[in-house]
Amino acid sequence: MTSPTAASSHRLERSITRLGRAGLATVQAVADVRTWAPHVIPQMRRLGVDSVPIALFIAIFTGIVLSLLSKYIFTGAVPLYFVGALVGKTVMMELGPVLTGLVLAGRVGANIAAELGTMRVTEQVDALETLAYNPRSYLVVPRVLAGVFMFPVVTALAMGVGVAAGWVTAINLLDLSTLEFVKGLRLFYRFKDIWFGLLKAASFGAAVTLAGCVQGLGTRGGAEGVGRNTTRAVVLGCEAILVLDAFWALVLL
Amino acid sequence: MKRRNEFLVGLVLLLSVSAVVAGALWLSEADIGRREALHVARFRTVGGLTPGAPVTFRGVRVGRVEAIRLADQFVEADLKVYQGVDLPGKPAVIAASQSLFGEWAANIVPRDQPQDDPNVRVMLAETARPGGDRWPGATLPDVGQLTAQAGRIATDIAAVAARVQETFDSSAVASLRQSIKDFAGIASKLEHFTTAETGRLTEVTDNIDLASASVLGASEHMQATLARVDSATADGQLQEILGNTRAGTGDLRQASADLREVLASLRAQETSLVRTLIAADSALSRIQSGQGTIGLLSKDPALYNESIETLQEMRRLIADIQMNPRKYFKFSVF
């Protein structure tokens, strides 16, 4: 029988050891540039470029809805040019990064988890290790780097398209002129609005891809395990996005 | 496949970076080639002024707030102002809310420009006191402060209302109820009085009716008279009367003028008469006092008698001379 204090101490020691091992493995994986570098561009294509259409689709409708909603909210009380301010600020700081992140969490996180989970259950990961490849370096690092780079890229495009959609909607459906919309757009604009959104998107990219990789490489039990871990990866990615969103708002605003 | 991946990723990256850079420059109205001069303004508090807020001069945007920091007991704001803007020689900065919705701007004004708000004057003097190359700054209250002030006023009004409510207690209610009862009694008496006076008023009204009828009759007579006058006018009689009247008036005017002349001469005669009477009075006074011949005559009867006798003898002598002129006069030539 061990005392509770000794058990807690043992658990803490084990956790710290695990953390140190993971850190060392990460450093080793990142340092192995020759292994992961050739795979970054293909992953950027798969995770980023291929996600642009769905991200822009979401952004267009977000811009339209925001424009109509702000008109509904401001009617009679606030000057209508504030539609531009609301659309711009909201798309750049919040809805652009978060909605894009959530969409990519579904698409990218599930993709990564399913791919790596299948590799795990079909022992392809073990084969890589047998061939002296570091699976983290070969599979995880390119995906995470691609996520960190491409999430802000896709988010930036979504921001532009979302604001443009709100602009077109305001001109055509809200009896608002371009000058009024742009006046509102510029009224509260700060450069921080953009980099704040892009920084959040980069962190979302890291979180979503890491969740996908962790859940994928941790898959056990065949196809059922792949499905379960894929679902977990998506849920975990979405939760991470919302937590990080609150964290950045707390830290940077 | 590899080249295609690289091309697509590069293209998306390029588009994304272009969108971000172009959008940021466009939204911030930045001008790449424009040079800016850095000035520092000193405030006691900056209110709602934030980095990135516009700097305006006479309402025109001439720069932006670059940074804000604490400095001793003041706050310093770095203002980036476009070069080439002709700023006042001694500038000051007033941070103020631009609208009800919270956007703030730093407005550059001449330091010697008179400020209406005494608080602004005090703040400018205070921030100018340390000297140096810092521009003095002041802050106008924002909408929130005004609303807070309004809230305080509302609280005060609520306190007053509460005190009124406390004063208006049950005894006040009882007094008010008694007052209402008294008022009801007064109203009842007033009703009786009104009822009593109504009869008199009715009589007065009847009299007024009668008087009105009389006036009506008089009016009818007057109307008939006027009708007759009107008919007389129609026959030329009135014209004739008026002509006669005009002639009579002329005669009267002439008589009046004559009378005025007579009165004037009478006034002159009166003067001479007065003088005559004065002279006569003087003469009579002297006569009465026995002065002069007449006085002596009136005072001395012997003299009067002798004078009478002398006159009688004079008459007899004259008669004798008339009868016998040769007795008294002789005419001869040589």
# chains A, B, ... in the order shown; residues from 1 in each chain; ligands from 1

$ interface_residues --of "chain B" --to "chain A" --cutoff "12 Å" --atoms "only C-alpha atoms" --output "NGL selection string"
:B and (1-30 or 50-54 or 64-66 or 98-105)

$ residues_around --residues "stretch 229-238 of chain A" --least-positions-apart "5" --cutoff "12 Å" --atoms "only C-alpha atoms" --output "VMD selection string"
chain A and resid 98 to 118 120 to 121 203 to 224 243 to 245

$ select_by_dssp --residues "stretch 31-134 of chain B" --states "alpha helix (DSSP H)" --output "number ranges by chain"
B: 118-128
